[in-house]
Amino acid sequence: MAAMLNKKTRREAEIPTSSMADIAFLLLIFFLVTTTIDVDTGIGMVLPPKLEDDIEPPPIRERNVLKILVNEQGLVLVEDQPSAVQLIREEVRKHVLNYGADPRYAEEPGKALVSIKTARQTPYNAYVGVLDEVWMAYFEMWDSEARQLGFSDYAAYVTMLETTDGENEIRDKIKAAISIAEPDEA
Amino acid sequence: MSGHFKKKTKTKEDIPTASLPDIIFMLLIFFMVTTVLRETTVQVRTVLPKAEALTKIDQKRLVSYVYIGPRKLEGNRIGDTGVQIDDALVEDLGNVRDIMYRKLLEQPRLIVSLKVDETSEMGVVLDVQQELREAGTLRINYSSKRDIPS
């Protein structure tokens with residue numbers, strides 16, 4: 001027994017610290033990876049620049065404008081016809097890709113315009129819902145254009161443009177022209 | 001001379017690694033401290049609307065937030081609609097123009113992200129947009145969440 005005790009006291013009582021660095025590194029990498037900042041998502045828009053008083057806005061032919069009206073209850077009128085929110089997407093697509101066929105819709109995609117008008121009491125929810133449908137219509141049209149050019153979707157086309165630094169011909173052809181109209185003074 | 005060499009070989013070649021964990025821990029703590037986001041206390045309720053046609057804003061530096069929604073009052077009550085930029089509520093909407101114009105001078109490629117409560121009325125949003133047009137901050141973003149189909 002005495003021999004055993006002697007052996008124990010002689011043993012070095014050190015914790016191996018060489019792996020501590022690795023553990024700390026692992027923690028460091030874990031924190032660096034997991035602290036992703038949540039990205040803001042939303043519907044992007046570009047407001048029209050401030051109008052100068054002496055310059056008249058350019059004339060637009062009535063048929064090129066698809067008028068969407070959202071009232072206080074969130075009900076929708078498309079070209080003065082009551083419509084469901086889900087039907088707007090198809091209506092916008094017909095309007096933009098009309099190529100002058102139907103006199104009620106636009107002459108060509110480059111001239112097509114979508115105008116969204118709300119009342120002051122319109123809930124924001126309803127407005128975003130309508131705007132979302134209009135944007136989805138454009139996204140779908142861009143997607144099908146990109147597929148015709150041999151890409152899987154529009155996003156693939158955009159990544160190709162970023163690498164080759166080319167012109168975005170799809171967006172030049174089908175411009176997302178959405179105008180937010182001022183409400184009528186009540 | 002040979003004796004001199006012998007002396008050298010006897011010295012320990014190890015780099016002392018005992019302080020390495022401390023150095024790494026210091027790095028770790030440095031990163032943990034510096035990556036704290038500058039949080040603003042939002043004084044209005046903003047339940048974002050849901051949408052499908054979403055785009056991501058990758059460059060967070062360019063974004064400035066405008067919060068629009070009913071004011072949070074004490075005891076879980078909500079008041080009338082308020083507009084908040086950064087940390088303070090904007091009482092007079094005419095001030096939005098000046099605030100945004102100053103921000104635009106600092107960051108010419110500014111994107112204004114509108115975090116609007118879904119129950120807000122369009123009137124306030126349109127008024128703010130009008131002020132943004134006056135300030136020249138034309139790139140906006142209607143902040144919304146992805147619609148998860150149930």
# chains A, B, ... in the order shown; residues from 1 in each chain; ligands from 1

$ residues_around --residues "range 130-140 of chain B" --least-positions-apart "3" --cutoff "9 Å" --atoms "only C-alpha atoms" --output "ChimeraX atom specification"
/A:43-50 /B:93-104,108-114,125-127

$ select_by_dssp --residues "range 44-178 of chain A" --states "strand (DSSP E)" --output "PyMOL selection string"
chain A and resi 44-46+65-70+76-78+81-83+113-118+178

$ write_last_selection --atoms "C-alpha atoms" --output "compact mmCIF listing (two decimals), in the first residue's frame"
# COMPACT_ATOMS: atom_id res chain seq x y z
CA GLY A 44 -39.00 46.24 -53.92
CA MET A 45 -40.32 49.34 -55.63
CA VAL A 46 -38.88 52.49 -57.09
CA VAL A 65 -52.91 51.24 -68.59
CA LEU A 66 -54.43 48.45 -66.55
CA LYS A 67 -56.26 50.19 -63.76
CA ILE A 68 -56.59 48.34 -60.48
CA LEU A 69 -58.60 49.96 -57.74
CA VAL A 70 -58.59 48.77 -54.12
CA VAL A 76 -60.72 45.05 -56.03
CA LEU A 77 -61.85 46.57 -59.30
CA VAL A 78 -59.84 45.72 -62.41
CA GLN A 81 -64.92 45.20 -63.16
CA PRO A 82 -65.10 43.57 -59.73
CA SER A 83 -62.43 40.91 -59.49
CA LEU A 113 -48.48 49.93 -67.48
CA VAL A 114 -50.24 48.76 -64.35
CA SER A 115 -51.74 51.39 -62.13
CA ILE A 116 -52.76 50.59 -58.57
CA LYS A 117 -55.01 53.06 -56.87
CA THR A 118 -56.13 52.85 -53.27
CA ILE A 178 -46.24 49.63 -61.79

$ residues_around --residues "Gln121 in chain A" --least-positions-apart "3" --cutoff "6 Å" --atoms "only C-alpha atoms" --output "NGL selection string"
(:A and (72)) or (:B and (121-122))

$ write_last_selection --atoms "C-alpha atoms" --output "short mmCIF file (atom, residue, chain, number, x, y, z; two decimals), in the first residue's frame"
data_model
loop_
_atom_site.label_atom_id
_atom_site.label_comp_id
_atom_site.auth_asym_id
_atom_site.auth_seq_id
_atom_site.Cartn_x
_atom_site.Cartn_y
_atom_site.Cartn_z
CA GLU A 72 -61.72 50.63 -48.16
CA GLU B 121 -54.33 52.38 -43.55
CA MET B 122 -52.82 53.35 -46.87
#

$ closest_atom_pairs --of "chain B" --to "chain A" --cutoff "7 Å" --atoms "only C-alpha atoms" --output "tab-separated table"
residue	atom	partner	partner_atom	distance
B:Thr17	CA	A:Ser18	CA	6.3
B:Ala18	CA	A:Thr17	CA	6.1
B:Leu20	CA	A:Ala21	CA	5.9
B:Pro21	CA	A:Ala21	CA	4.3
B:Ile24	CA	A:Ala24	CA	6.1
B:Phe25	CA	A:Ala24	CA	6.1
B:Leu28	CA	A:Leu28	CA	5.2
B:Pro49	CA	A:Asn125	CA	5.9
B:Ala51	CA	A:Asp132	CA	5.9
B:Glu52	CA	A:Asp132	CA	6.3
B:Ala53	CA	A:Met136	CA	5.4
B:Leu54	CA	A:Gly42	CA	5.0
B:Thr55	CA	A:Gly42	CA	5.6
B:Lys56	CA	A:Thr41	CA	4.6
B:Ile57	CA	A:Asp40	CA	5.8
B:Asp58	CA	A:Val39	CA	6.7
B:Glu118	CA	A:Asn125	CA	4.7
B:Thr119	CA	A:Pro123	CA	5.7
B:Ser120	CA	A:Tyr124	CA	5.5
B:Glu121	CA	A:Pro123	CA	4.6
B:Met122	CA	A:Arg120	CA	5.2
B:Gly123	CA	A:Arg120	CA	4.0
B:Arg133	CA	A:Lys50	CA	5.6
B:Glu134	CA	A:Lys50	CA	6.0
B:Gly136	CA	A:Pro49	CA	6.9
B:Leu138	CA	A:Leu47	CA	4.7
B:Arg139	CA	A:Val46	CA	4.6
B:Ile140	CA	A:Met45	CA	5.3
B:Asn141	CA	A:Gly44	CA	4.3
B:Tyr142	CA	A:Ile43	CA	5.0
B:Ser143	CA	A:Gly42	CA	4.0
B:Ser144	CA	A:Gly42	CA	4.6
B:Lys145	CA	A:Thr41	CA	6.6

$ write_last_selection --atoms "C-alpha atoms" --output "PDB file, in the first residue's frame"
ATOM      1  CA  THR B  17       0.924  26.364 -26.007  1.00  0.00           C
ATOM      2  CA  ALA B  18      -0.568  26.992 -22.616  1.00  0.00           C
ATOM      3  CA  LEU B  20      -3.049  29.601 -26.903  1.00  0.00           C
ATOM      4  CA  PRO B  21      -6.549  28.857 -25.585  1.00  0.00           C
ATOM      5  CA  ILE B  24      -8.415  32.059 -29.025  1.00  0.00           C
ATOM      6  CA  PHE B  25     -10.937  32.733 -26.291  1.00  0.00           C
ATOM      7  CA  LEU B  28     -14.045  34.426 -29.595  1.00  0.00           C
ATOM      8  CA  PRO B  49     -47.957  41.347 -44.320  1.00  0.00           C
ATOM      9  CA  ALA B  51     -46.321  38.057 -49.809  1.00  0.00           C
ATOM     10  CA  GLU B  52     -44.961  35.769 -52.479  1.00  0.00           C
ATOM     11  CA  ALA B  53     -43.005  38.001 -54.845  1.00  0.00           C
ATOM     12  CA  LEU B  54     -40.178  38.679 -52.423  1.00  0.00           C
ATOM     13  CA  THR B  55     -36.691  39.935 -53.055  1.00  0.00           C
ATOM     14  CA  LYS B  56     -33.860  39.823 -50.555  1.00  0.00           C
ATOM     15  CA  ILE B  57     -31.818  42.812 -49.587  1.00  0.00           C
ATOM     16  CA  ASP B  58     -28.304  41.556 -49.141  1.00  0.00           C
ATOM     17  CA  GLU B 118     -50.743  44.958 -41.988  1.00  0.00           C
ATOM     18  CA  THR B 119     -53.707  46.686 -40.388  1.00  0.00           C
ATOM     19  CA  SER B 120     -52.429  50.200 -41.155  1.00  0.00           C
ATOM     20  CA  GLU B 121     -54.330  52.382 -43.545  1.00  0.00           C
ATOM     21  CA  MET B 122     -52.817  53.349 -46.871  1.00  0.00           C
ATOM     22  CA  GLY B 123     -53.192  57.054 -46.153  1.00  0.00           C
ATOM     23  CA  ARG B 133     -40.227  61.380 -53.070  1.00  0.00           C
ATOM     24  CA  GLU B 134     -39.577  64.915 -51.893  1.00  0.00           C
ATOM     25  CA  GLY B 136     -35.275  61.874 -53.274  1.00  0.00           C
ATOM     26  CA  LEU B 138     -36.833  56.599 -54.343  1.00  0.00           C
ATOM     27  CA  ARG B 139     -35.773  53.018 -53.722  1.00  0.00           C
ATOM     28  CA  ILE B 140     -38.198  51.519 -51.269  1.00  0.00           C
ATOM     29  CA  ASN B 141     -39.063  48.081 -50.061  1.00  0.00           C
ATOM     30  CA  TYR B 142     -42.369  46.929 -48.633  1.00  0.00           C
ATOM     31  CA  SER B 143     -41.013  44.588 -46.012  1.00  0.00           C
ATOM     32  CA  SER B 144     -43.074  41.411 -45.948  1.00  0.00           C
ATOM     33  CA  LYS B 145     -42.741  37.852 -44.841  1.00  0.00           C
TER      34      LYS B 145
END

$ atom_distance --atom1 "CA of Ala146 in chain A" --atom2 "CA of Ile170 in chain A"
7.3 Å

$ closest_residue --among "B:Gln59, B:Ser64, B:Gln129, B:Thr81" --to "Thr40 in chain B" --atoms "only C-alpha atoms"
B:Ser64

$ atom_distance --atom1 "CA of Thr11 in chain B" --atom2 "CA of Glu12 in chain A"
21.2 Å

$ residues_around --residues "range 98-101 of chain A" --least-positions-apart "2" --cutoff "12 Å" --atoms "only C-alpha atoms" --output "CSV table (one decimal) with N, CA and C atoms, in the first residue's frame"
chain,number,residue,atom,x,y,z
A,63,ARG,N,-55.4,52.7,-73.3
A,63,ARG,CA,-55.5,51.2,-73.4
A,63,ARG,C,-54.2,50.5,-72.8
A,64,ASN,N,-53.1,51.3,-72.7
A,64,ASN,CA,-51.9,50.7,-72.2
A,64,ASN,C,-51.9,50.6,-70.7
A,66,LEU,N,-53.5,49.4,-67.2
A,66,LEU,CA,-54.4,48.4,-66.6
A,66,LEU,C,-54.7,49.1,-65.2
A,90,GLU,N,-53.5,36.7,-63.8
A,90,GLU,CA,-53.9,36.4,-65.1
A,90,GLU,C,-54.2,37.6,-66.0
A,91,GLU,N,-54.9,38.5,-65.3
A,91,GLU,CA,-55.3,39.8,-66.0
A,91,GLU,C,-54.1,40.6,-66.4
A,92,VAL,N,-53.1,40.7,-65.5
A,92,VAL,CA,-51.9,41.4,-65.8
A,92,VAL,C,-51.1,40.7,-67.0
A,93,ARG,N,-51.1,39.4,-67.0
A,93,ARG,CA,-50.4,38.7,-68.0
A,93,ARG,C,-51.1,38.9,-69.4
A,94,LYS,N,-52.4,38.8,-69.4
A,94,LYS,CA,-53.1,39.1,-70.6
A,94,LYS,C,-52.9,40.5,-71.1
A,95,HIS,N,-52.8,41.5,-70.2
A,95,HIS,CA,-52.7,42.9,-70.5
A,95,HIS,C,-51.3,43.1,-71.1
A,96,VAL,N,-50.3,42.5,-70.5
A,96,VAL,CA,-48.9,42.8,-71.0
A,96,VAL,C,-48.6,42.1,-72.3
A,103,PRO,N,-58.4,45.1,-78.1
A,103,PRO,CA,-58.3,46.6,-77.9
A,103,PRO,C,-58.4,47.1,-76.5
A,104,ARG,N,-58.8,46.2,-75.5
A,104,ARG,CA,-58.9,46.6,-74.1
A,104,ARG,C,-57.6,46.6,-73.4
A,105,TYR,N,-56.6,45.8,-74.0
A,105,TYR,CA,-55.3,45.6,-73.3
A,105,TYR,C,-54.3,46.4,-74.1
A,106,ALA,N,-53.0,46.2,-73.6
A,106,ALA,CA,-51.9,47.0,-74.1
A,106,ALA,C,-51.5,46.7,-75.5
A,107,GLU,N,-50.8,47.7,-76.1
A,107,GLU,CA,-50.4,47.5,-77.5
A,107,GLU,C,-49.2,46.6,-77.6
A,108,GLU,N,-48.2,46.8,-76.7
A,108,GLU,CA,-47.0,45.9,-76.7
A,108,GLU,C,-46.5,45.9,-75.2
A,109,PRO,N,-45.7,44.9,-74.9
A,109,PRO,CA,-45.2,44.8,-73.5
A,109,PRO,C,-44.4,46.0,-73.0
A,110,GLY,N,-43.7,46.6,-73.9
A,110,GLY,CA,-42.8,47.7,-73.5
A,110,GLY,C,-43.6,48.9,-73.1
A,111,LYS,N,-44.9,49.0,-73.6
A,111,LYS,CA,-45.7,50.2,-73.3
A,111,LYS,C,-46.7,49.9,-72.2
A,112,ALA,N,-46.9,48.6,-71.8
A,112,ALA,CA,-47.9,48.3,-70.8
A,112,ALA,C,-47.6,48.9,-69.5
A,174,ILE,N,-40.0,43.2,-71.3
A,174,ILE,CA,-41.2,43.3,-70.4
A,174,ILE,C,-40.8,44.1,-69.2

$ atom_distance --atom1 "CA of Ile68 in chain B" --atom2 "CA of Gln86 in chain A"
26.7 Å
